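Asker: Take this structure first; my questions come after.
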Amino acid sequence: MAQVADAARTVIMTVDDDPGVSRAVARDLRRRYGASYRIVRAESGASALDALRELKLRGDLVAVILADYRMPRMNGIEFLEQALDVYPGARRVLLTAYADTDAAIDAINVVDLDHYLLKPWDPPEEKLYPVLDDLLEAWWRSDRRPVPSTKVVGHRWSARSSDVREFLARNQVPYRWYSSDGPEGRRLLAAAGEDGMRLPVVITPDGTVLVEPEPVELAAHVGLATTPAADFYDLVVIGGGPAGLGAAVYGASEGLRTVLVERSATGGQAGQSSRIENYLGFPDGVSGAQLTERARRQATRFGAEILTAREATGLEISGAARVVRFSDGSAVAAHSVILATGVSYRQLTAPGCDELTGCGVFYGSALTEASACRGQDVYIVGGANSAGQAAMYLARGAKSVTLLVRGPDLTASMSYYLVQQIDEAPNISVRGGTVVEAAHGDGHLERLTLRDTRTGRTEPVDAQWLFVFIGAAPLTGWLDGTVLRDERGFILAGPDLTADGRPPAGWELDRPPYHLETNVPGVFVAGDARAESAKRVASAVGEGAMAVMLVHRYLEQS
């Protein structure tokens with residue numbers, strides 16, 4: 001007999017419009033295969049196709065389909081032809097009367113029929129089971145069994161499709177990508193009842209169809225927590241980069257009821273890095289995704305909650321409580337808050353860049369797009385470590401990688417080890433004093449206009465891929481009127497608040513602010529969002545840990 005399958009996921013389907021025959025077929029199948037396979041029975045081709053589409057959306061497997069030839073409105077061959085589009089790997093059997101054998105033989109060419117059975121098939125031990133055993137064995141050997149996972153159907157040059165792929169990848173959610181114009185993508189769209197005009201279409205493992213989902217909707221359907229389990233905590237950490245994850249690990253491990261709130265995906269800019277080689281304890285380097293996932297698991301093991309796709313929009317002081325408000329109007333309160341919101345890459349202002357974002361123009365490494373760059377010319381804007389790490393990663397498969405730098409070279413802002421690696425890479429070149437003047441393309445990036453800042457001369461170049469790493473804009477606008485910031489938006493804390501020897505305006509405590517404490521007692525800042533921070537992963541993690549130590553000191557004296 002065939003191998004034992006997953007009874008919850010693998011199906012043998014039988015379709016016959018005669019209720020008596022349908023029950024008889026299902027009875028014989030259950031007797032032999034019911035312990036190892038789900039037996040699904042349908043009494044018309046239309047209802048069977050609906051069932052197959054539902055099974056497809058849920059990620060279930062169909063090993064064998066048995067269909068009666070003589071069915072009204074849709075005969076067995078017509079049904080199997082359509083079923084072939086939904087489950088091309090399923091083995092197909094036609095049930096026929098002796099008079100219909102010619103039709104069955106013709107069906108071998110029409111629907112690639114695997115077998116036809118003459119009715120009646122008694123005894124099944126001789127005429128049914130041996131045939132099914134062989135077909136099931138062949139199905140197993142074919143290895144066409146998909147692993148149930150989230151499916152994303154989109155278009156290569158769709159910005160929304162790119163955003164969804166990046167969101168899932170950075171949140172460590174397994175998914176499979178299908179092009180909307182490929183055969184499997186078209187099958188999935190048909191099964192979902194979509195025409196492909198609105199992309200992406202996401203199909204979750206339980207069969208739920210999401211069309212152009214927003215991050216919070218997507219997060220809720222793929223198993224990411226989005227709602228806090230309690231109304232009040234000891235510590236709320238805003239931001240899931242290295243500083244925020246460090247604070248969550250140390251806060252939870254030291255007994256604080258801790259919740260971390262991240263608007264997109266944990267890891268921040270560091271989480272998008274293809275390789276970090278100067279982080280203590282990893283002599284061979286570590287990818288940002290690996291470091292992020294380890295830190296995330298560590299935080300949750302100690303009991304920290306991690307909420308994803310929740311954007312903080314306000315901070316309020318209510319007596320001893322610090323209240324963080326979210327974009328949907330909900331809120332969470334705590335004794336203390338650590339602001340670890342990090343920074344985002346500044347946007348290119350050159351004409352055409354906004355329209356082509358996600359369609360060839362990407363901010364950050366967009367590692368999900370790296371495989372599509374193989375054998376092509378790639379341009380990177382930026383001269384800091386993140387740009388250098390991306391260049392080294394993309395150079396593994398790209399035909400060429402060109403770094404566009406406003407300054408004369410890379411030495412001013414990039415670590416020495418990366419400068420050396422880039423100098424030694426045969427397919428990486430650096431163009432100093434060069435900026436993007438414009439981006440061009442119809443639906444996706446096709447060309448760039450580059451300008452030499454020294455001579456003013458412009459040059460058109462063919463380009464389908466542009467990755468941008470320019471500067472850092474702090475994500476702190478939502479703190480207006482509450483937390484003091486410098487002229488660039490970075491948060492002031494500790495000694496920076498008392499430069500003139502006096503406490504900040506409104507400070508009512510008889511002590512000065514702690515080192516990482518803002519002008520609001522009990523609200524601390526860590527990592528890149530802090531004014532004059534080091535902008536390095538190690539320092540961000542260290543500040544997250546230090547902020548927790550200061551939170552303890554604050555709580556002890558409150």
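Going through the structure tokens in order, the chains are called A, B, and so on, while each chain numbers its residues from 1 and the ligands are numbered from 1 in the order shown.
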Find the residues near range 242-255 of chain A: any atom within 6 Å, counting only C-alpha atoms, skip ones fewer than 2 places away on the same chain, and give them as a PDB file with N, CA and C atoms, in the first residue's frame.
Answerer:
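The resulting file, part14.pdb, is shown below:
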```pdb
ATOM      1  N   GLY A 239      10.046  50.502  19.237  1.00  0.00           N
ATOM      2  CA  GLY A 239      11.064  50.265  18.217  1.00  0.00           C
ATOM      3  C   GLY A 239      11.748  48.936  18.436  1.00  0.00           C
ATOM      4  N   GLY A 240      11.894  48.167  17.341  1.00  0.00           N
ATOM      5  CA  GLY A 240      12.433  46.812  17.439  1.00  0.00           C
ATOM      6  C   GLY A 240      13.785  46.629  16.795  1.00  0.00           C
ATOM      7  N   THR A 258       7.355  43.573  30.247  1.00  0.00           N
ATOM      8  CA  THR A 258       7.877  44.333  29.104  1.00  0.00           C
ATOM      9  C   THR A 258       7.105  44.023  27.838  1.00  0.00           C
ATOM     10  N   ALA A 299      14.298  37.509  23.580  1.00  0.00           N
ATOM     11  CA  ALA A 299      13.372  38.388  24.295  1.00  0.00           C
ATOM     12  C   ALA A 299      12.086  37.664  24.675  1.00  0.00           C
ATOM     13  N   PHE A 302      12.388  35.173  27.555  1.00  0.00           N
ATOM     14  CA  PHE A 302      12.383  35.788  28.887  1.00  0.00           C
ATOM     15  C   PHE A 302      11.009  36.339  29.260  1.00  0.00           C
ATOM     16  N   GLY A 303      10.065  36.327  28.314  1.00  0.00           N
ATOM     17  CA  GLY A 303       8.700  36.747  28.631  1.00  0.00           C
ATOM     18  C   GLY A 303       8.277  38.072  28.054  1.00  0.00           C
ATOM     19  N   ALA A 304       9.115  38.710  27.245  1.00  0.00           N
ATOM     20  CA  ALA A 304       8.712  39.977  26.633  1.00  0.00           C
ATOM     21  C   ALA A 304       7.667  39.725  25.553  1.00  0.00           C
ATOM     22  N   ALA A 340      13.209  53.724  21.235  1.00  0.00           N
ATOM     23  CA  ALA A 340      14.273  53.134  20.426  1.00  0.00           C
ATOM     24  C   ALA A 340      13.806  53.098  18.975  1.00  0.00           C
ATOM     25  N   ALA A 526      17.288  55.299  23.490  1.00  0.00           N
ATOM     26  CA  ALA A 526      18.445  54.445  23.236  1.00  0.00           C
ATOM     27  C   ALA A 526      18.618  54.260  21.742  1.00  0.00           C
ATOM     28  N   GLY A 527      19.868  54.179  21.302  1.00  0.00           N
ATOM     29  CA  GLY A 527      20.145  53.879  19.904  1.00  0.00           C
ATOM     30  C   GLY A 527      20.195  55.095  19.011  1.00  0.00           C
ATOM     31  N   ALA A 540      24.164  50.562  20.058  1.00  0.00           N
ATOM     32  CA  ALA A 540      22.704  50.579  20.226  1.00  0.00           C
ATOM     33  C   ALA A 540      22.260  49.516  21.231  1.00  0.00           C
ATOM     34  N   VAL A 541      22.809  48.290  21.093  1.00  0.00           N
ATOM     35  CA  VAL A 541      22.471  47.228  22.048  1.00  0.00           C
ATOM     36  C   VAL A 541      22.898  47.633  23.450  1.00  0.00           C
ATOM     37  N   GLY A 544      20.514  50.110  24.887  1.00  0.00           N
ATOM     38  CA  GLY A 544      19.273  49.467  25.303  1.00  0.00           C
ATOM     39  C   GLY A 544      19.401  48.842  26.672  1.00  0.00           C
ATOM     40  N   ALA A 545      20.531  48.160  26.917  1.00  0.00           N
ATOM     41  CA  ALA A 545      20.766  47.545  28.226  1.00  0.00           C
ATOM     42  C   ALA A 545      20.932  48.609  29.303  1.00  0.00           C
ATOM     43  N   VAL A 548      17.648  50.138  30.475  1.00  0.00           N
ATOM     44  CA  VAL A 548      16.907  49.295  31.426  1.00  0.00           C
ATOM     45  C   VAL A 548      17.453  49.474  32.834  1.00  0.00           C
TER      46      VAL A 548
END
```
Asker: Could you tell me, as an MDAnalysis selection string, which residues of range 14-241 of chain A DSSP assigns to helix (DSSP H, G or I) when given the backbone?
Answerer: chainID A and resid 19:33 45:58 76:86 98:110 124:127 129:142 159:170 183:192 215:221
Asker: To one decimal place, how far is CA of Gly382 in chain A from CA of Arg165 in chain A in Å?
Answerer: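 Here the two named atoms are 23.8 Å from each other.
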Asker: Which is closer to Leu403 in chain A than all the others in A:Val523, A:Ala438, A:Leu475, A:Leu450, using only C-alpha atoms?
Answerer: A:Leu450
Asker: Could you list, as a list in words, every residue within 9 Å of Gly241 in chain A, counting only C-alpha atoms and ignoring same-chain residues fewer than 5 positions away?
Answerer: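 Everything that qualifies: Gly246, Glu262, Ala265, Thr266, Gly267, Gly268, Gln269, Ala270, Gly271, Thr292, Ala340, Thr341, Gly342, Gly527, Val537, Ala540 and Val541 of chain A.
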Asker: Just the number, please: distance in Å from CA of Glu293 in chain A to CA of Val202 in chain A, one decimal.
Answerer: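 According to the coordinates, CA of Glu293 in chain A and CA of Val202 in chain A are separated by 23.4 Å.
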Asker: If you run DSSP on the backbone here, which positions in range 272-354 of chain A get strand (DSSP E)? Please write them as a list in words.
Answerer: Glu305, Ile306, Leu307, Thr308, Ala312, Thr313, Gly314, Leu315, Glu316, Ile317, Ser318, Ala321, Arg322, Val323, Val324, Arg325, Phe326, Ala331, Val332, Ala333, Ala334, His335, Ser336, Val337, Ile338, Leu339, Val343 and Ser344 of chain A
Asker: Which is closer to Leu291 in chain A than all the others in A:Val332, A:Asp496, A:Lys119, A:Arg170, using only C-alpha atoms?
Answerer: A:Arg170
Asker: What's the 10 Å shell around Asp68 in chain A, counting only C-alpha atoms, without same-chain residues fewer than 4 positions away, as number ranges by chain?
Answerer: A: 14-18, 21-22, 43-45, 75-77, 79-80, 93-97, 116-117, 119
Asker: Save out the residues we just selected, N, CA and C atoms, as a CSV table (one decimal), in the first residue's frame.
Answerer:
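Contents of the output file result-v7.csv:
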```csv
chain,number,residue,atom,x,y,z
A,14,THR,N,-13.5,11.9,-5.0
A,14,THR,CA,-14.3,11.2,-5.9
A,14,THR,C,-15.5,12.0,-6.3
A,15,VAL,N,-15.9,12.0,-7.6
A,15,VAL,CA,-16.9,12.8,-8.2
A,15,VAL,C,-17.9,12.0,-9.0
A,16,ASP,N,-19.2,11.9,-8.6
A,16,ASP,CA,-20.2,11.1,-9.3
A,16,ASP,C,-21.5,11.7,-9.1
A,17,ASP,N,-22.3,12.0,-10.1
A,17,ASP,CA,-23.6,12.6,-9.9
A,17,ASP,C,-24.7,11.6,-9.4
A,18,ASP,N,-24.4,10.3,-9.4
A,18,ASP,CA,-25.3,9.3,-8.9
A,18,ASP,C,-25.0,9.2,-7.4
A,21,VAL,N,-23.9,5.6,-6.3
A,21,VAL,CA,-22.5,5.3,-6.8
A,21,VAL,C,-21.5,6.1,-6.0
A,22,SER,N,-21.8,7.4,-5.8
A,22,SER,CA,-20.9,8.3,-5.1
A,22,SER,C,-20.6,7.7,-3.7
A,43,GLU,N,-20.8,15.5,-5.9
A,43,GLU,CA,-21.8,15.0,-6.7
A,43,GLU,C,-22.1,15.8,-8.0
A,44,SER,N,-21.1,16.7,-8.3
A,44,SER,CA,-21.2,17.4,-9.6
A,44,SER,C,-19.8,17.9,-9.9
A,45,GLY,N,-19.5,18.2,-11.2
A,45,GLY,CA,-18.2,18.7,-11.5
A,45,GLY,C,-18.0,20.1,-10.9
A,75,ASN,N,-19.1,16.8,-18.1
A,75,ASN,CA,-18.8,15.4,-18.0
A,75,ASN,C,-17.4,15.2,-17.3
A,76,GLY,N,-17.0,14.0,-17.1
A,76,GLY,CA,-15.8,13.7,-16.3
A,76,GLY,C,-14.6,14.3,-16.9
A,77,ILE,N,-14.5,14.2,-18.3
A,77,ILE,CA,-13.3,14.7,-19.0
A,77,ILE,C,-13.2,16.2,-18.9
A,79,PHE,N,-14.5,18.0,-16.5
A,79,PHE,CA,-14.1,18.3,-15.1
A,79,PHE,C,-12.6,18.2,-14.9
A,80,LEU,N,-12.1,17.0,-15.3
A,80,LEU,CA,-10.7,16.7,-15.1
A,80,LEU,C,-9.8,17.8,-15.8
A,93,VAL,N,-8.2,9.7,-12.6
A,93,VAL,CA,-8.9,8.4,-12.9
A,93,VAL,C,-10.3,8.7,-13.4
A,94,LEU,N,-10.7,8.1,-14.5
A,94,LEU,CA,-12.0,8.2,-15.1
A,94,LEU,C,-12.8,7.0,-14.9
A,95,LEU,N,-14.0,7.1,-14.3
A,95,LEU,CA,-14.9,5.9,-14.1
A,95,LEU,C,-15.8,5.9,-15.3
A,96,THR,N,-15.8,4.7,-16.0
A,96,THR,CA,-16.6,4.6,-17.2
A,96,THR,C,-17.4,3.3,-17.3
A,97,ALA,N,-18.4,3.4,-18.1
A,97,ALA,CA,-19.1,2.1,-18.5
A,97,ALA,C,-18.4,1.5,-19.7
A,116,TYR,N,-8.3,4.5,-16.4
A,116,TYR,CA,-9.7,4.5,-16.4
A,116,TYR,C,-10.2,3.2,-15.8
A,117,LEU,N,-11.3,3.3,-15.0
A,117,LEU,CA,-11.9,2.1,-14.4
A,117,LEU,C,-13.3,1.8,-15.0
A,119,LYS,N,-17.0,0.4,-14.6
A,119,LYS,CA,-17.9,0.1,-13.5
A,119,LYS,C,-18.7,-1.2,-13.9
```
Asker: Please determine, counting only C-alpha atoms, which residue among A:Phe524, A:Tyr363, A:Tyr554, A:Tyr69 has the shortest atom-to-atom distance to Leu484 in chain A.
Answerer: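 Using only C-alpha atoms, the shortest distance to Leu484 in chain A belongs to A:Phe524.
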Asker: Hey, which of A:Gly329, A:Gly506, A:Gly288, A:Pro124 ends up closest to Arg30 in chain A? Count only C-alpha atoms.
Answerer: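 Among A:Gly329, A:Gly506, A:Gly288, A:Pro124, it is A:Pro124 that comes nearest to Arg30 in chain A.
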Asker: Skip Thr349 in chain A itself and residues of its chain fewer than 4 positions away, then list as a PyMOL selection string all residues within 9 Å of it, counting only C-alpha atoms.
Answerer: chain A and resi 353-354+437-438
Asker: Within 12 Å of Glu54 in chain A, counting only C-alpha atoms, which residues qualify if same-chain residues fewer than 6 places away don't, as a PyMOL selection string?
Answerer: chain A and resi 40+47-48+60-62+86-87+188+190-193+203+205-209
Asker: Calculate how many Å separate CA of Gly432 in chain A from CA of Gly383 in chain A, rounding to one decimal.
Answerer: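 Going from CA of Gly432 in chain A over to CA of Gly383 in chain A covers 9.4 Å.
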